[in-house]
Amino acid sequence: MNLLIPLGLLGLIGLIILIFIYILKPKYEEKILSSTLIWKLSLKYIKRKAPWQWLKNSVIFLLQFLTVALLAFMMARPIFARSIEAEDVIIALETSAGMRAETGGATRLSRAVEEIKKITKETVEKSNKVSIILAGEEARLIVDQTQNADTAEWALRNVSASFGGADLDAAAKLAETQLKNNPNSRIVFFTCRNYADPGVAEIRNMSVGDWNAAILGANYGLKNGFLAFTVGIANYNAPNGGGALNIRADIDIIENGAVRSVAMGPFPVALDGGGRTDFEFNTAVSGKPLTAFESAKFSLANADDSFPYDNAFFLIPEKDERFKVQIVSPTAVNYLRSILEMQSGSAVTFIDLSVENHPDPNIAQNYRPPAAEGYDLYVYENYLPEEIPGDGSVWFVNPDAELFAERYARETGVTFLSERVGTIYPGNPAKTAENAFKFAAGADAAAAGYEAVLNFADPTGISATKYRPIDFDKNSGWASIMLCGSAENATDTVFALKNEAGIKTAVLSVDLRFTDMPLNLMWPVFISNLYEYSTVTTLKKHVYDVGETINLRTKPTAVELTVTGAGQPAERRPLTFGNFSVSNEIEYKESVPGLYTAAQIFDRKEPATDMFFVKIPESESDFARTGQRLPPIAAPSDTGAGTIDDNYDIYVYLAAALLALTTLEWGLQYREQF
């Protein structure tokens, strides 16, 4: 037995008060009588009539004594610890996309909820407890050890299935936590498939003859001069073994500068026995081969299955995004031009400043001044513009230190220290001696967002005969990526990066003619990495599963990003410097399948749009899949098998005893007085 409020025993002080009252209570009264004969006869009669009268007074005292003691005992709230048989229930309800399948007007989820309500009612009627866990994209406990069926029903009223998968590992961890309350609880798992190894859980498969036809994916390519599409189609648990499915294609093409939708099909696809197959077809419009498209929608024209959410698939071609690059240099021999022209999607404009005043008028007439806007990447080698362009990334290669400081060192926060000069060979300035300056990775080269710049491009081993160190405030946003100095102590920054409001600026303070960098294999890799870092492709891919992280890389000077589609409200994100990481990536997840459009808004140019498709995970489409093994659920081993400890409250019984004592004491007092 345990006492919840031990201080309640202070009420026993009342026993001392009761005894003190009886001590002070007068035992007799003094009277003057003429004779004691009648008194003696009366006393003799009383003794004969009530020989136990003395006991009556003692019983009243005893009842009062017990009443005070019982009151003090009740104030201490005594409870008894007992062991009871384990009959609690832990219910895990899967809320993945597969639970949306509908047969006979009821979804798997709705049927599961009705069964859970029934189990809950039966459990609480036996004074046992119920816990309910939702196993969706995130697992969560919605009912914790309740003995009230209404509480469980209220928690289940707004439960809905997602369009993604189920985090069974997290659900198993929650079940283990609940098992600590009762290690012998039943675990019942409501799901949409069977498991080869369910472990300690009872599997309740809510599938009742459901079947599913699905388009799992699509791709494209040129074949014999035609645009060819390959569509992945599946039929799971189909009645009568499958049969034919009809595929319809709606393809958006560009014709005469306008987008036009072309419908093709339906194409019959045989799936005898069910399963999966790939269907391929070529395309032609008005007898002409189709070679390009904006987007394509493939849909099942005759699928009356239990799960309509994967009956369509959108295919968006890899966007041939062209990045405009301007290189400005006073020399025709340029170490950057050829490498940048080789980069995917680059359109390079080379401005040769040396031909501006060329004596040959045929050559001089080809000169055009550098542009200050309209490019994604500006590269200035041994040249400085009047002002830094504000609509794209900028590279400064061996800028004039004095002119740089005069024009915009304050704007960029970069200053140059005195030039370091080593051994220079006449006629061959790129030739280096053993004691020449050496390169090394900078302090920030491995930081998040910068590590890809030197990926497979280790500068160790590169030499230079002269360079100019870069200096900048550590809090100005610049990162030190490449160092130069003695072989033992390369501490001077010669290559730095800055990412501000989406515009990336790079400064390389080395004259490439005085280094063997362009002769090293790391050079083309380094320039390719820097190009990939400086130019921004919004989407790396165009198809995502529900719940998968989508990385949107915003372009320089974008002021707002809007994502719309799939019947969802538009999500608008104002873009400011504070929202940018060094990689300018915005991460988020879509929870509803469908086609989405990401639009970036700019102040001085047209919006840039990209489309992407979010689909049901393939594992949720496969209605014939059997789970291999549920995550193990381990019960604690430090509790007695088959029983759990329970506190039994005896307060009601003590109150009944108190009522009986007071009633008896009042009855004796009444008889004595009347």
# chains A, B, ... in the order shown; residues from 1 in each chain; ligands from 1
>>> residues_around(residues="region 606-623 of chain A", least_positions_apart="3", cutoff="6 Å", atoms="only C-alpha atoms", output="list in words")
Gly98, Tyr236, His542, Val543, Tyr544, Asp545, Val546, Pro593, Gly594, Leu595, Tyr596, Thr597, Ala598, Ala599, Gln600 and Ile601 of chain A
>>> select_by_dssp(residues="region 222-456 of chain A", states="strand (DSSP E or B)", output="VMD selection string")
chain A and resid 222 to 223 226 to 236 244 to 255 258 to 270 275 to 282 284 to 285 288 to 289 295 to 300 312 to 315 323 to 329 346 to 352 377 to 381 393 to 397 414 to 416 420 to 421 425 428 437 to 441
>>> closest_residue(among="A:Ala464, A:Ala660, A:Ile60, A:Ile650", to="Leu483 (chain A)", atoms="only C-alpha atoms")
A:Ala464
>>> atom_distance(atom1="CA of Phe404 (chain A)", atom2="CA of Leu454 (chain A)")
25.9 Å
>>> atom_distance(atom1="CA of Gln178 (chain A)", atom2="CA of Ile5 (chain A)")
28.3 Å
>>> residues_around(residues="Asp444 (chain A)", least_positions_apart="6", cutoff="6 Å", atoms="only C-alpha atoms", output="list in words")
Ala479, Ser480 and Ile481 of chain A
>>> closest_atom_pairs(of="region 524-586 of chain A", to="region 320-336 of chain A", cutoff="10 Å", atoms="only C-alpha atoms", output="CSV")
residue,atom,partner,partner_atom,distance
A:Pro524,CA,A:Leu336,CA,8.7
A:Ile527,CA,A:Leu336,CA,7.7
A:Tyr531,CA,A:Val325,CA,9.9
A:Thr535,CA,A:Phe323,CA,7.1
A:Val536,CA,A:Phe323,CA,8.7
A:Thr537,CA,A:Glu321,CA,7.5
A:Thr538,CA,A:Glu321,CA,9.6
>>> residues_around(residues="Gly14 (chain A)", least_positions_apart="3", cutoff="8 Å", atoms="only C-alpha atoms", output="PyMOL selection string")
chain A and resi 11+17-18+68-69
>>> closest_atom_pairs(of="region 524-592 of chain A", to="region 132-145 of chain A", cutoff="12 Å", atoms="only C-alpha atoms", output="Markdown table")
| residue | atom | partner | partner_atom | distance |
| --- | --- | --- | --- | --- |
| A:Val546 | CA | A:Glu137 | CA | 9.6 |
| A:Gly547 | CA | A:Glu137 | CA | 7.5 |
| A:Glu548 | CA | A:Glu137 | CA | 10.5 |
| A:Lys589 | CA | A:Glu137 | CA | 11.6 |
| A:Glu590 | CA | A:Glu137 | CA | 12.0 |
| A:Ser591 | CA | A:Glu137 | CA | 9.6 |
>>> write_last_selection(atoms="all heavy atoms", output="PDB file, in the first residue's frame")
ATOM      1  N   VAL A 546       6.014  12.057 -54.487  1.00  0.00           N
ATOM      2  CA  VAL A 546       5.382  12.799 -53.394  1.00  0.00           C
ATOM      3  C   VAL A 546       6.244  12.660 -52.139  1.00  0.00           C
ATOM      4  O   VAL A 546       6.663  11.564 -51.781  1.00  0.00           O
ATOM      5  CB  VAL A 546       3.957  12.269 -53.126  1.00  0.00           C
ATOM      6  CG1 VAL A 546       3.411  12.837 -51.822  1.00  0.00           C
ATOM      7  CG2 VAL A 546       3.031  12.612 -54.272  1.00  0.00           C
ATOM      8  N   GLY A 547       6.527  13.770 -51.482  1.00  0.00           N
ATOM      9  CA  GLY A 547       7.344  13.754 -50.275  1.00  0.00           C
ATOM     10  C   GLY A 547       8.827  13.858 -50.523  1.00  0.00           C
ATOM     11  O   GLY A 547       9.603  14.022 -49.576  1.00  0.00           O
ATOM     12  N   GLU A 548       9.255  13.770 -51.773  1.00  0.00           N
ATOM     13  CA  GLU A 548      10.679  13.891 -52.082  1.00  0.00           C
ATOM     14  C   GLU A 548      11.083  15.360 -52.034  1.00  0.00           C
ATOM     15  O   GLU A 548      10.323  16.248 -52.429  1.00  0.00           O
ATOM     16  CB  GLU A 548      10.965  13.308 -53.463  1.00  0.00           C
ATOM     17  CG  GLU A 548      12.437  13.306 -53.854  1.00  0.00           C
ATOM     18  CD  GLU A 548      12.670  12.693 -55.231  1.00  0.00           C
ATOM     19  OE1 GLU A 548      11.689  12.179 -55.835  1.00  0.00           O
ATOM     20  OE2 GLU A 548      13.811  12.728 -55.707  1.00  0.00           O
ATOM     21  N   LYS A 589       8.837  20.368 -50.157  1.00  0.00           N
ATOM     22  CA  LYS A 589       8.239  19.104 -50.574  1.00  0.00           C
ATOM     23  C   LYS A 589       6.796  19.349 -50.996  1.00  0.00           C
ATOM     24  O   LYS A 589       6.091  20.146 -50.387  1.00  0.00           O
ATOM     25  CB  LYS A 589       8.279  18.072 -49.442  1.00  0.00           C
ATOM     26  CG  LYS A 589       9.689  17.690 -49.012  1.00  0.00           C
ATOM     27  CD  LYS A 589       9.665  16.681 -47.875  1.00  0.00           C
ATOM     28  CE  LYS A 589      11.076  16.306 -47.443  1.00  0.00           C
ATOM     29  NZ  LYS A 589      11.079  15.318 -46.345  1.00  0.00           N
ATOM     30  N   GLU A 590       6.389  18.650 -52.049  1.00  0.00           N
ATOM     31  CA  GLU A 590       4.996  18.690 -52.478  1.00  0.00           C
ATOM     32  C   GLU A 590       4.301  17.422 -51.985  1.00  0.00           C
ATOM     33  O   GLU A 590       4.841  16.324 -52.096  1.00  0.00           O
ATOM     34  CB  GLU A 590       4.889  18.785 -54.001  1.00  0.00           C
ATOM     35  CG  GLU A 590       5.245  20.157 -54.561  1.00  0.00           C
ATOM     36  CD  GLU A 590       4.251  21.236 -54.159  1.00  0.00           C
ATOM     37  OE1 GLU A 590       3.229  20.915 -53.532  1.00  0.00           O
ATOM     38  OE2 GLU A 590       4.507  22.422 -54.474  1.00  0.00           O
ATOM     39  N   SER A 591       3.093  17.574 -51.463  1.00  0.00           N
ATOM     40  CA  SER A 591       2.375  16.444 -50.883  1.00  0.00           C
ATOM     41  C   SER A 591       1.213  15.961 -51.746  1.00  0.00           C
ATOM     42  O   SER A 591       0.528  15.017 -51.381  1.00  0.00           O
ATOM     43  CB  SER A 591       1.842  16.819 -49.496  1.00  0.00           C
ATOM     44  OG  SER A 591       1.002  17.957 -49.579  1.00  0.00           O
TER      45      SER A 591
END
>>> residues_around(residues="Val259 (chain A)", least_positions_apart="6", cutoff="12 Å", atoms="only C-alpha atoms", output="list in words")
Ile251, Asp252, Ile253, Ala292, Phe293, Glu294 and Ser295 of chain A
>>> residues_around(residues="Asp391 (chain A)", least_positions_apart="4", cutoff="10 Å", atoms="only C-alpha atoms", output="list in words")
Ala372, Glu373, Gly374, Tyr375, Asp376, Leu377, Tyr378, Gly502, Ile503, Lys555, Pro556, Thr557, Ala558, Phe602, Arg604 and Lys605 of chain A
>>> select_by_dssp(residues="region 383-447 of chain A", states="alpha helix (DSSP H)", output="PyMOL selection string")
chain A and resi 401-412
